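Q: Quick one, structure_17.tsv (TSV, C-alpha atoms):
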chain	number	residue	atom	x	y	z
A	1	MET	CA	0.00	0.00	0.00
A	2	ARG	CA	2.87	2.34	0.89
A	3	ALA	CA	4.29	1.85	-2.60
A	4	LEU	CA	1.03	3.05	-4.14
A	5	ASP	CA	0.73	6.17	-2.03
A	6	PRO	CA	3.15	8.41	-3.99
A	7	LEU	CA	1.13	7.84	-7.18
A	8	PRO	CA	-1.23	10.64	-8.20
A	9	TRP	CA	-4.78	10.13	-6.98
A	10	PRO	CA	-6.70	7.99	-7.93
A	11	TRP	CA	-4.10	5.66	-9.42
A	12	GLY	CA	-3.42	3.86	-6.17
A	13	GLU	CA	-7.13	3.36	-5.58
A	14	GLU	CA	-7.67	2.06	-9.12
A	15	ILE	CA	-4.79	-0.39	-8.75
A	16	LEU	CA	-6.13	-1.66	-5.41
A	17	ALA	CA	-9.61	-2.10	-6.91
A	18	LYS	CA	-8.17	-4.22	-9.69
A	19	LEU	CA	-5.93	-6.15	-7.30
A	20	PHE	CA	-8.85	-7.01	-5.05
A	21	ALA	CA	-10.88	-8.22	-8.03
A	22	ALA	CA	-7.90	-10.31	-9.19
A	23	LYS	CA	-7.36	-11.61	-5.66
A	24	ALA	CA	-10.78	-13.27	-5.84
A	25	PHE	CA	-9.44	-15.58	-8.56
A	26	ILE	CA	-6.30	-16.38	-6.58
A	27	ARG	CA	-8.31	-17.15	-3.45
A	28	PRO	CA	-11.33	-19.12	-4.70
A	29	ARG	CA	-12.93	-19.09	-1.26
A	30	LEU	CA	-13.35	-15.32	-1.57
A	31	LEU	CA	-14.80	-15.65	-5.03
A	32	ARG	CA	-17.21	-18.39	-3.98
A	33	LYS	CA	-18.35	-16.25	-1.08
A	34	ALA	CA	-18.86	-13.21	-3.29
A	35	VAL	CA	-20.72	-15.18	-5.96
A	36	ALA	CA	-22.92	-16.85	-3.34
A	37	TRP	CA	-23.68	-13.43	-1.88
A	38	ALA	CA	-24.50	-12.02	-5.33
A	39	GLY	CA	-26.94	-14.91	-5.74
A	40	HIS	CA	-29.23	-13.18	-3.26
A	41	TYR	CA	-29.97	-10.62	-5.96
A	42	PRO	CA	-32.26	-11.51	-8.84
A	43	LEU	CA	-29.39	-11.83	-11.29
A	44	ALA	CA	-28.26	-14.70	-13.43
A	45	GLY	CA	-25.10	-15.81	-15.18
A	46	ARG	CA	-22.69	-13.05	-16.06
A	47	SER	CA	-24.57	-10.35	-14.19
A	48	ARG	CA	-24.18	-12.30	-10.99
A	49	TRP	CA	-20.44	-12.71	-11.58
A	50	ARG	CA	-20.14	-9.04	-12.52
A	51	LEU	CA	-21.76	-8.02	-9.25
A	52	ALA	CA	-19.50	-10.35	-7.26
A	53	LEU	CA	-16.35	-8.97	-8.90
A	54	SER	CA	-17.55	-5.39	-8.60
A	55	CYS	CA	-18.06	-6.00	-4.89
A	56	CYS	CA	-14.48	-7.30	-4.60
A	57	ALA	CA	-13.17	-4.28	-6.51
A	58	HIS	CA	-15.14	-1.91	-4.29
A	59	HIS	CA	-13.63	-3.62	-1.30
A	60	GLY	CA	-10.22	-2.60	-2.67
A	61	ARG	CA	-11.44	0.95	-3.23
A	62	PHE	CA	-12.71	1.16	0.31
A	63	VAL	CA	-9.40	-0.05	1.70
A	64	ALA	CA	-7.73	2.73	-0.30
A	65	ARG	CA	-10.25	5.29	0.97
A	66	GLN	CA	-9.77	4.19	4.55
A	67	ALA	CA	-6.02	4.71	4.18
A	68	LEU	CA	-6.57	8.01	2.30
A	69	LEU	CA	-4.32	6.60	-0.38
A	70	GLY	CA	-2.93	9.41	-2.54
A	71	ILE	CA	-5.02	12.00	-0.69
A	72	ARG	CA	-2.32	14.25	0.65
A	73	THR	CA	-4.32	17.04	2.23
A	74	PRO	CA	-7.79	17.48	3.77
A	75	GLU	CA	-8.52	19.80	0.85
A	76	ASP	CA	-7.83	16.91	-1.55
A	77	LEU	CA	-10.38	14.86	0.30
A	78	ARG	CA	-12.93	17.67	0.34
A	79	ARG	CA	-12.79	17.87	-3.45
A	80	HIS	CA	-13.95	14.26	-3.72
A	81	VAL	CA	-16.86	14.49	-1.28
A	82	ILE	CA	-20.40	15.72	-1.83
A	83	LEU	CA	-22.68	16.22	1.17
A	84	LYS	CA	-26.44	15.97	0.72
A	85	GLY	CA	-29.20	16.62	3.25
A	86	GLU	CA	-27.16	18.95	5.45
A	87	ALA	CA	-30.34	21.00	5.96
A	88	HIS	CA	-31.74	18.18	8.11
A	89	LEU	CA	-28.86	18.66	10.50
A	90	THR	CA	-28.96	22.44	10.57
A	91	ALA	CA	-32.72	22.21	11.30
A	92	ALA	CA	-31.86	20.44	14.54
A	93	SER	CA	-31.30	23.25	17.02
A	94	THR	CA	-30.01	20.86	19.69
A	95	GLY	CA	-27.23	18.30	19.72
A	96	ALA	CA	-27.65	15.49	17.22
A	97	ILE	CA	-26.50	11.97	16.53
A	98	LEU	CA	-25.41	11.15	12.99
A	99	LEU	CA	-25.90	7.42	12.66
A	100	GLY	CA	-23.64	5.76	10.09
A	101	PHE	CA	-23.50	2.20	8.78
A	102	HIS	CA	-20.87	-0.20	7.49
A	103	LEU	CA	-22.09	0.15	3.94
A	104	GLY	CA	-20.27	2.04	1.23
A	105	PRO	CA	-16.90	3.76	1.59
A	106	PRO	CA	-15.47	4.09	5.11
A	107	GLY	CA	-14.14	7.18	6.85
A	108	VAL	CA	-17.41	9.11	6.82
A	109	ALA	CA	-16.61	11.12	9.95
A	110	VAL	CA	-13.27	12.19	8.45
A	111	ALA	CA	-15.01	13.17	5.21
A	112	LEU	CA	-17.69	15.10	7.11
A	113	ARG	CA	-15.04	17.05	8.97
A	114	ALA	CA	-13.22	17.69	5.71
A	115	VAL	CA	-16.33	19.33	4.25
A	116	GLY	CA	-16.63	21.50	7.34
A	117	LEU	CA	-19.11	19.67	9.55
A	118	PRO	CA	-17.76	19.73	13.13
A	119	VAL	CA	-18.69	16.20	14.13
A	120	THR	CA	-17.20	14.31	17.04
A	121	TRP	CA	-16.55	10.75	16.02
A	122	MET	CA	-17.16	7.91	18.46
A	123	GLY	CA	-16.07	4.38	17.63
A	124	GLY	CA	-13.41	1.71	17.47
A	125	LEU	CA	-9.73	2.43	17.77
A	126	ARG	CA	-8.73	2.52	14.13
A	127	ALA	CA	-11.88	3.69	12.39
A	128	PHE	CA	-11.12	7.43	12.49
A	129	ARG	CA	-7.99	7.39	10.39
A	130	THR	CA	-6.17	10.43	9.07
A	131	ARG	CA	-2.66	10.83	7.72
A	132	TRP	CA	0.36	11.85	9.74
A	133	ASN	CA	1.93	14.29	7.27
A	134	ALA	CA	2.09	18.01	7.96
A	135	PRO	CA	-1.00	19.10	5.95
A	136	TRP	CA	-3.18	16.72	7.98
A	137	GLN	CA	-1.80	17.78	11.34
A	138	PRO	CA	-4.11	20.76	12.01
A	139	PHE	CA	-7.06	18.63	10.89
A	140	ARG	CA	-6.09	15.86	13.28
A	141	GLN	CA	-5.55	18.23	16.17
A	142	ALA	CA	-8.93	19.90	15.60
A	143	SER	CA	-10.76	16.57	15.43
A	144	ASP	CA	-12.52	15.64	18.63
A	145	THR	CA	-12.78	11.87	18.92
A	146	LEU	CA	-14.19	9.47	21.46
A	147	THR	CA	-12.45	6.13	21.21
A	148	LEU	CA	-14.52	3.16	22.25
A	149	SER	CA	-12.91	-0.21	22.60
A	150	ARG	CA	-12.53	-2.87	25.23
A	151	SER	CA	-8.97	-1.71	25.83
A	152	ALA	CA	-9.85	1.99	25.83
A	153	PRO	CA	-10.11	3.64	29.21
A	154	SER	CA	-13.60	3.17	30.59
A	155	PRO	CA	-16.05	2.70	27.69
A	156	GLY	CA	-18.85	3.66	30.08
A	157	GLY	CA	-17.03	6.93	30.73
A	158	VAL	CA	-16.73	7.50	26.99
A	159	LEU	CA	-20.49	7.13	26.59
A	160	TYR	CA	-20.94	9.56	29.47
A	161	ARG	CA	-18.74	12.07	27.59
A	162	ALA	CA	-20.81	11.52	24.47
A	163	ARG	CA	-23.96	12.25	26.46
A	164	ARG	CA	-22.47	15.49	27.77
A	165	LEU	CA	-21.42	16.52	24.29
A	166	LEU	CA	-24.95	15.95	22.99
A	167	LEU	CA	-26.55	17.83	25.88
A	168	ASP	CA	-24.15	20.71	25.18
A	169	GLY	CA	-25.38	20.87	21.57
A	170	GLY	CA	-22.60	18.89	19.87
A	171	THR	CA	-22.93	16.56	16.91
A	172	LEU	CA	-21.84	12.98	17.37
A	173	TYR	CA	-21.08	10.58	14.53
A	174	VAL	CA	-21.35	6.93	15.48
A	175	ALA	CA	-21.63	3.74	13.43
A	176	ALA	CA	-24.80	1.82	14.23
A	177	GLU	CA	-23.00	-1.48	13.79
A	178	GLY	CA	-20.05	-0.72	16.04
A	179	GLY	CA	-19.36	-2.56	19.28
A	180	GLY	CA	-21.56	-3.21	22.24
A	181	ARG	CA	-24.90	-4.80	22.86
A	182	GLU	CA	-27.06	-5.69	19.88
A	183	ALA	CA	-30.37	-3.80	19.66
A	184	PHE	CA	-31.77	-5.51	16.57
A	185	ARG	CA	-30.83	-6.90	13.17
A	186	VAL	CA	-31.88	-5.74	9.76
A	187	ALA	CA	-32.05	-8.49	7.17
A	188	LEU	CA	-30.51	-7.50	3.84
A	189	PRO	CA	-29.80	-9.55	0.71
A	190	GLY	CA	-27.08	-12.03	1.64
A	191	GLY	CA	-26.59	-10.88	5.19
A	192	PHE	CA	-27.79	-8.60	7.91
A	193	ALA	CA	-26.79	-5.42	9.65
A	194	ARG	CA	-26.28	-5.84	13.38
A	195	ILE	CA	-27.51	-2.62	14.92
A	196	ARG	CA	-26.01	-1.93	18.34
A	197	SER	CA	-27.66	-0.12	21.20
A	198	GLY	CA	-25.24	2.70	22.20
A	199	TRP	CA	-26.81	5.33	19.94
A	200	PHE	CA	-30.29	4.25	21.01
A	201	VAL	CA	-29.46	4.66	24.69
A	202	LEU	CA	-27.94	8.09	24.04
A	203	ARG	CA	-30.99	9.12	22.03
A	204	ARG	CA	-33.30	8.22	24.94
A	205	GLN	CA	-31.00	9.73	27.54
A	206	CYS	CA	-30.53	13.04	25.75
A	207	GLY	CA	-33.69	13.35	23.65
A	208	VAL	CA	-31.62	14.50	20.69
A	209	PRO	CA	-32.52	13.78	17.07
A	210	VAL	CA	-30.89	10.82	15.33
A	211	LEU	CA	-30.18	11.35	11.64
A	212	PRO	CA	-29.22	8.28	9.60
A	213	VAL	CA	-26.24	8.82	7.31
A	214	LEU	CA	-25.46	6.68	4.28
A	215	THR	CA	-22.64	7.02	1.83
A	216	HIS	CA	-21.82	5.65	-1.59
A	217	LEU	CA	-19.40	6.21	-4.44
A	218	GLU	CA	-20.61	7.85	-7.61
A	219	GLY	CA	-17.65	7.30	-9.86
A	220	LEU	CA	-14.79	8.56	-7.74
A	221	THR	CA	-16.88	10.99	-5.71
A	222	GLN	CA	-18.01	9.98	-2.25
A	223	VAL	CA	-21.60	11.08	-1.74
A	224	ILE	CA	-22.70	11.37	1.88
A	225	THR	CA	-26.43	11.69	2.48
A	226	ILE	CA	-27.92	12.84	5.76
A	227	TYR	CA	-31.49	11.62	6.03
A	228	PRO	CA	-34.34	13.23	8.01
A	229	PRO	CA	-34.27	12.39	11.71
A	230	LEU	CA	-35.88	9.30	13.16
A	231	PRO	CA	-39.21	10.04	14.89
A	232	PRO	CA	-38.86	11.51	18.39
A	233	PRO	CA	-38.40	8.93	21.17
A	234	HIS	CA	-41.60	7.14	22.18
A	235	PRO	CA	-42.16	6.83	25.95
A	236	ASP	CA	-42.40	3.07	25.57
A	237	GLN	CA	-38.87	1.80	24.90
A	238	ALA	CA	-39.90	-1.35	23.05
A	239	ARG	CA	-42.20	0.62	20.77
A	240	ASP	CA	-39.46	3.20	20.24
A	241	LEU	CA	-37.00	0.50	19.23
A	242	GLU	CA	-39.48	-0.99	16.78
A	243	VAL	CA	-40.13	2.42	15.20
A	244	CYS	CA	-36.37	2.91	14.75
A	245	ARG	CA	-35.96	-0.61	13.38
A	246	LEU	CA	-38.65	-0.14	10.75
A	247	ARG	CA	-37.30	3.21	9.65
A	248	LEU	CA	-33.68	2.04	9.45
A	249	ALA	CA	-34.63	-1.21	7.75
A	250	ALA	CA	-36.38	0.73	4.98
A	251	LEU	CA	-33.31	2.93	4.45
A	252	LEU	CA	-30.83	0.05	4.46
A	253	GLU	CA	-32.95	-2.14	2.17
A	254	ASP	CA	-33.18	0.74	-0.27
A	255	TYR	CA	-29.41	1.21	-0.13
A	256	ALA	CA	-28.72	-2.50	-0.67
A	257	ARG	CA	-31.06	-2.45	-3.67
A	258	ARG	CA	-29.48	0.64	-5.25
A	259	PHE	CA	-25.81	-0.01	-4.46
A	260	PRO	CA	-25.37	-3.76	-4.01
A	261	GLU	CA	-21.74	-3.61	-5.17
A	262	GLN	CA	-20.95	-1.29	-2.25
A	263	CYS	CA	-22.25	-3.63	0.44
A	264	TYR	CA	-18.91	-5.37	0.84
A	265	ALA	CA	-19.36	-5.65	4.60
A	266	LEU	CA	-22.34	-7.94	4.06
A	267	THR	CA	-20.22	-10.17	1.84
A	268	PHE	CA	-16.91	-10.33	3.59
A	269	ARG	CA	-17.35	-9.47	7.24
A	270	ALA	CA	-16.95	-12.58	9.38
A	271	GLY	CA	-20.29	-14.03	10.31
A	272	ALA	CA	-22.22	-11.43	8.34
A	273	THR	CA	-23.49	-13.63	5.57
A	274	GLN	CA	-26.34	-15.97	6.28
A	275	PRO	CA	-27.06	-18.98	4.16
A	276	SER	CA	-30.19	-18.43	2.09
B	277	MET	CA	-19.68	-4.30	61.08
B	278	THR	CA	-20.21	-0.65	60.12
B	279	VAL	CA	-22.90	-0.07	57.54
B	280	ASP	CA	-21.88	2.16	54.66
B	281	PRO	CA	-25.13	3.53	53.19
B	282	ILE	CA	-23.44	4.95	50.08
B	283	LEU	CA	-21.73	1.68	49.27
B	284	GLU	CA	-24.90	-0.29	49.93
B	285	ARG	CA	-26.89	1.95	47.62
B	286	VAL	CA	-24.25	1.90	44.87
B	287	GLN	CA	-24.10	-1.86	45.01
B	288	ALA	CA	-27.89	-2.04	44.86
B	289	LEU	CA	-27.85	0.17	41.75
B	290	VAL	CA	-25.20	-2.03	40.12
B	291	THR	CA	-27.19	-5.18	40.91
B	292	GLU	CA	-30.35	-3.56	39.56
B	293	VAL	CA	-28.67	-2.67	36.25
B	294	ALA	CA	-26.99	-6.09	35.95
B	295	GLY	CA	-30.25	-7.90	36.68
B	296	PRO	CA	-30.58	-11.26	38.40
B	297	GLU	CA	-29.08	-13.19	35.48
B	298	ARG	CA	-25.73	-11.43	35.48
B	299	ALA	CA	-25.30	-10.54	39.14
B	300	PRO	CA	-22.94	-13.16	40.61
B	301	ALA	CA	-24.36	-15.11	43.54
B	302	ASP	CA	-21.27	-14.30	45.61
B	303	ALA	CA	-21.07	-10.65	44.55
B	304	ASP	CA	-19.51	-8.27	47.02
B	305	PRO	CA	-18.46	-4.59	46.85
B	306	ASP	CA	-15.14	-5.58	45.24
B	307	THR	CA	-16.67	-7.63	42.43
B	308	PRO	CA	-15.56	-6.06	39.12
B	309	LEU	CA	-18.32	-4.26	37.24
B	310	GLY	CA	-17.00	-5.57	33.93
B	311	ASP	CA	-15.54	-8.88	32.82
B	312	SER	CA	-15.37	-11.71	35.37
B	313	GLY	CA	-17.75	-9.81	37.61
B	314	TYR	CA	-21.10	-8.28	36.74
B	315	TRP	CA	-20.21	-8.31	33.00
B	316	LEU	CA	-21.60	-4.80	32.56
B	317	ASP	CA	-21.00	-3.33	29.10
B	318	SER	CA	-20.50	0.37	28.32
B	319	VAL	CA	-24.24	1.01	28.13
B	320	ASP	CA	-24.79	-0.63	31.52
B	321	VAL	CA	-21.96	1.35	33.07
B	322	LEU	CA	-23.48	4.57	31.71
B	323	GLU	CA	-26.76	3.58	33.37
B	324	VAL	CA	-25.00	3.01	36.68
B	325	ILE	CA	-23.20	6.37	36.43
B	326	LEU	CA	-26.43	8.23	35.69
B	327	ALA	CA	-28.28	6.35	38.42
B	328	CYS	CA	-25.58	7.42	40.89
B	329	GLU	CA	-25.89	11.04	39.77
B	330	ARG	CA	-29.65	10.93	40.29
B	331	GLU	CA	-29.46	9.07	43.58
B	332	PHE	CA	-26.80	11.23	45.22
B	333	GLY	CA	-27.46	14.54	43.45
B	334	THR	CA	-23.91	14.80	42.20
B	335	VAL	CA	-22.39	15.46	38.79
B	336	PHE	CA	-19.25	13.63	37.68
B	337	GLU	CA	-16.46	15.19	35.72
B	338	GLU	CA	-16.15	13.11	32.58
B	339	GLY	CA	-12.38	12.97	32.34
B	340	ALA	CA	-11.13	13.23	35.89
B	341	ASP	CA	-13.76	11.18	37.71
B	342	LEU	CA	-14.73	8.38	35.35
B	343	THR	CA	-11.58	6.34	34.96
B	344	PRO	CA	-11.09	2.57	34.74
B	345	GLU	CA	-10.06	2.67	38.40
B	346	THR	CA	-13.15	4.47	39.71
B	347	LEU	CA	-15.41	2.32	37.54
B	348	TYR	CA	-13.76	-0.94	38.54
B	349	SER	CA	-16.12	-2.01	41.34
B	350	ALA	CA	-19.04	-0.80	43.43
B	351	ARG	CA	-16.63	0.06	46.25
B	352	ARG	CA	-14.44	2.26	44.03
B	353	LEU	CA	-17.52	3.97	42.60
B	354	ALA	CA	-18.90	4.51	46.10
B	355	ASP	CA	-15.55	6.05	47.09
B	356	LEU	CA	-15.86	8.42	44.12
B	357	VAL	CA	-19.41	9.38	45.12
B	358	ARG	CA	-18.25	9.99	48.68
B	359	SER	CA	-15.39	12.21	47.52
B	360	LYS	CA	-17.78	14.20	45.32
B	361	LEU	CA	-20.24	14.66	48.18
B	362	SER	CA	-17.55	15.83	50.55
B	363	ALA	CA	-15.93	18.19	48.03
Output the file's structure as structure tokens, nothing else.
A:
Amino acid sequence: MRALDPLPWPWGEEILAKLFAAKAFIRPRLLRKAVAWAGHYPLAGRSRWRLALSCCAHHGRFVARQALLGIRTPEDLRRHVILKGEAHLTAASTGAILLGFHLGPPGVAVALRAVGLPVTWMGGLRAFRTRWNAPWQPFRQASDTLTLSRSAPSPGGVLYRARRLLLDGGTLYVAAEGGGREAFRVALPGGFARIRSGWFVLRRQCGVPVLPVLTHLEGLTQVITIYPPLPPPHPDQARDLEVCRLRLAALLEDYARRFPEQCYALTFRAGATQPS
Amino acid sequence: MTVDPILERVQALVTEVAGPERAPADADPDTPLGDSGYWLDSVDVLEVILACEREFGTVFEEGADLTPETLYSARRLADLVRSKLSA
């Protein structure tokens, strides 16, 4: 990967995309898995293979995006990101939770900050990745992050900090499928999204709006879409959870239908794929 | 034996959040809140922290107060509550 970094963007990303597609032929288990996953879509013959290979190639692209391969400055990143639905966030006069998913390109919180949205990211140790060169330094220093992992100091304390941030009017970005207790699952073609409960607890504790965020690649541009907020919390927790589940399921099903090739996490994440 | 009302109440809150299934039969004030003890996850620990704030009318400082040490067991948490109340 390091050898690809000096190449002008997006050469490194293109090479990784091709390498990941080629890797599927070298490691037949990967290819079988991808083709089996593609079989959950109403496709036959070549189309099914095309989807499987496109998914592998997108996996390579996403690895490149995560590493910010060839993206030397935050400004470089900003040029490749389009943000839609920002009005939904600005309409929220209080703190807000932006709820992301492991679908599409990674590094959404970094991209959001690059386009000027002051989000505080909360999640696993390595998910908020920036570069260490001089142009990224001010960006990194200005980025407030809440690291959550079993080895991180006091995950309960981190959630407490997140709650304070929300009550003080901050915006928190958290992946719905991160760590912690499972709230519910959303069945998608060839797998399911395991939705965790941290964001749900914070939503009920703070009464702040939760805005789902989905992202996809359109060519080489990363499009990030902020959706309207989930309905306000219902007094009955079980009912509230069901309302959230239905709303998120509709969004995720729509995403999986429109961008199946970008659902690599459903294909390759351990334990994600369910036999049909 | 001297009764420590703060410790008793904190332990009761921990047991309440853990529920009967997770609370060890031989739990004592030094039983870890996390692994090998009550098995509380981050969401549970947040519930315990907020319950303590409500119960004792105190507010914790996120960085200084809520460390792995103070959140290790009911006794350590009770010590933290006591120090906040006496501050």
Q: As a PDB file with C-alpha atoms, in the frame of the given file, please: the residues near Pro233 (chain A) (cut-off 8 Å, only C-alpha atoms, same-chain neighbours under 4 positions excluded).
A:
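This went into result.pdb:
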ATOM      1  CA  ARG A 203     -30.990   9.120  22.030  1.00  0.00           C
ATOM      2  CA  ARG A 204     -33.300   8.220  24.940  1.00  0.00           C
ATOM      3  CA  GLY A 207     -33.690  13.350  23.650  1.00  0.00           C
ATOM      4  CA  ASP A 240     -39.460   3.200  20.240  1.00  0.00           C
TER       5      ASP A 240
END
Q: Any idea what the distance is between CA of Phe139 (chain A) and CA of Arg72 (chain A)?
A: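 Taking CA of Phe139 (chain A) and CA of Arg72 (chain A), their separation equals 12.1 Å.
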Q: Report as a PyMOL selection string the set of chain A residues whose atoms approach chain B to within 10 Å, with distances computed over all atoms listed in the file.
A: chain A and resi 148-150+152-164+179-181+197-202+205
Q: Generate a file of the selected residues that holds C-alpha atoms, formatted as a PDB file, in the coordinates of the input.
A:
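File produced: selection-v7.pdb:
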ATOM      1  CA  LEU A 148     -14.520   3.160  22.250  1.00  0.00           C
ATOM      2  CA  SER A 149     -12.910  -0.210  22.600  1.00  0.00           C
ATOM      3  CA  ARG A 150     -12.530  -2.870  25.230  1.00  0.00           C
ATOM      4  CA  ALA A 152      -9.850   1.990  25.830  1.00  0.00           C
ATOM      5  CA  PRO A 153     -10.110   3.640  29.210  1.00  0.00           C
ATOM      6  CA  SER A 154     -13.600   3.170  30.590  1.00  0.00           C
ATOM      7  CA  PRO A 155     -16.050   2.700  27.690  1.00  0.00           C
ATOM      8  CA  GLY A 156     -18.850   3.660  30.080  1.00  0.00           C
ATOM      9  CA  GLY A 157     -17.030   6.930  30.730  1.00  0.00           C
ATOM     10  CA  VAL A 158     -16.730   7.500  26.990  1.00  0.00           C
ATOM     11  CA  LEU A 159     -20.490   7.130  26.590  1.00  0.00           C
ATOM     12  CA  TYR A 160     -20.940   9.560  29.470  1.00  0.00           C
ATOM     13  CA  ARG A 161     -18.740  12.070  27.590  1.00  0.00           C
ATOM     14  CA  ALA A 162     -20.810  11.520  24.470  1.00  0.00           C
ATOM     15  CA  ARG A 163     -23.960  12.250  26.460  1.00  0.00           C
ATOM     16  CA  ARG A 164     -22.470  15.490  27.770  1.00  0.00           C
ATOM     17  CA  GLY A 179     -19.360  -2.560  19.280  1.00  0.00           C
ATOM     18  CA  GLY A 180     -21.560  -3.210  22.240  1.00  0.00           C
ATOM     19  CA  ARG A 181     -24.900  -4.800  22.860  1.00  0.00           C
ATOM     20  CA  SER A 197     -27.660  -0.120  21.200  1.00  0.00           C
ATOM     21  CA  GLY A 198     -25.240   2.700  22.200  1.00  0.00           C
ATOM     22  CA  TRP A 199     -26.810   5.330  19.940  1.00  0.00           C
ATOM     23  CA  PHE A 200     -30.290   4.250  21.010  1.00  0.00           C
ATOM     24  CA  VAL A 201     -29.460   4.660  24.690  1.00  0.00           C
ATOM     25  CA  LEU A 202     -27.940   8.090  24.040  1.00  0.00           C
ATOM     26  CA  GLN A 205     -31.000   9.730  27.540  1.00  0.00           C
TER      27      GLN A 205
END
Q: In Å, how far is it from CA of Ile226 (chain A) to CA of Tyr41 (chain A)?
A: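 Calculated distance between CA of Ile226 (chain A) and CA of Tyr41 (chain A) is 26.3 Å.
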Q: What is the CA of Gly39 (chain A) to CA of Thr215 (chain A) distance in Å?
A: 23.6 Å
Q: Using all atoms listed in the file, which residues sit within 7 Å of Arg351 (chain B) once same-chain residues fewer than 2 positions away are excluded, as a list in words?
A: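 Once the adjacent positions are removed, what remains is Leu283, Pro305, Asp306, Ser349, Leu353, Ala354 and Asp355 of chain B.
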Q: Hey, can you pull every residue with an atom no more than 8 Å from (-7.8, -3.0, -9.4), using only C-alpha atoms, and send it as a PDB file with C-alpha atoms, in the frame of the given file?
A:
ATOM      1  CA  GLU A  13      -7.130   3.360  -5.580  1.00  0.00           C
ATOM      2  CA  GLU A  14      -7.670   2.060  -9.120  1.00  0.00           C
ATOM      3  CA  ILE A  15      -4.790  -0.390  -8.750  1.00  0.00           C
ATOM      4  CA  LEU A  16      -6.130  -1.660  -5.410  1.00  0.00           C
ATOM      5  CA  ALA A  17      -9.610  -2.100  -6.910  1.00  0.00           C
ATOM      6  CA  LYS A  18      -8.170  -4.220  -9.690  1.00  0.00           C
ATOM      7  CA  LEU A  19      -5.930  -6.150  -7.300  1.00  0.00           C
ATOM      8  CA  PHE A  20      -8.850  -7.010  -5.050  1.00  0.00           C
ATOM      9  CA  ALA A  21     -10.880  -8.220  -8.030  1.00  0.00           C
ATOM     10  CA  ALA A  22      -7.900 -10.310  -9.190  1.00  0.00           C
ATOM     11  CA  ALA A  57     -13.170  -4.280  -6.510  1.00  0.00           C
ATOM     12  CA  GLY A  60     -10.220  -2.600  -2.670  1.00  0.00           C
TER      13      GLY A  60
END
Q: Would you please work out which residue, of B:Ala301, B:Arg358, B:Ala294, B:Pro281, is nearest to Gly333 (chain B) when using all atoms listed in the file?
A: B:Arg358
Q: Using all atoms listed in the file, which residue out of A:Ile26, A:Ala3, A:Leu112, A:Leu103 lies closest to Lys84 (chain A)?
A: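 Among the listed residues, A:Leu112 lies closest to Lys84 (chain A).
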Q: For Thr334 (chain B), which residue out of B:Leu356, B:Ala350, B:Leu361, B:Leu309 is the nearest one, using all atoms listed in the file?
A: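 Once distances to Thr334 (chain B) are computed over all atoms listed in the file, the minimum belongs to B:Leu361.
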Q: Which residue is closest to Arg330 (chain B)? Choose from B:Gly295, B:Val357, B:Pro300, B:Pro308 and count only C-alpha atoms.
A: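 Checking each candidate against Arg330 (chain B), we get B:Val357 as the closest.
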Q: Which residues, written as a list in words, have at least one atom at most 12 Å from region 45-48 of chain A, with only C-alpha atoms counted and residues fewer than 2 positions away on the same chain left out?
A: Leu31, Arg32, Ala34, Val35, Ala36, Trp37, Ala38, Gly39, His40, Tyr41, Pro42, Leu43, Arg50, Leu51, Ala52, Leu53, Ser54, Cys55, Pro260 and Glu261 of chain A
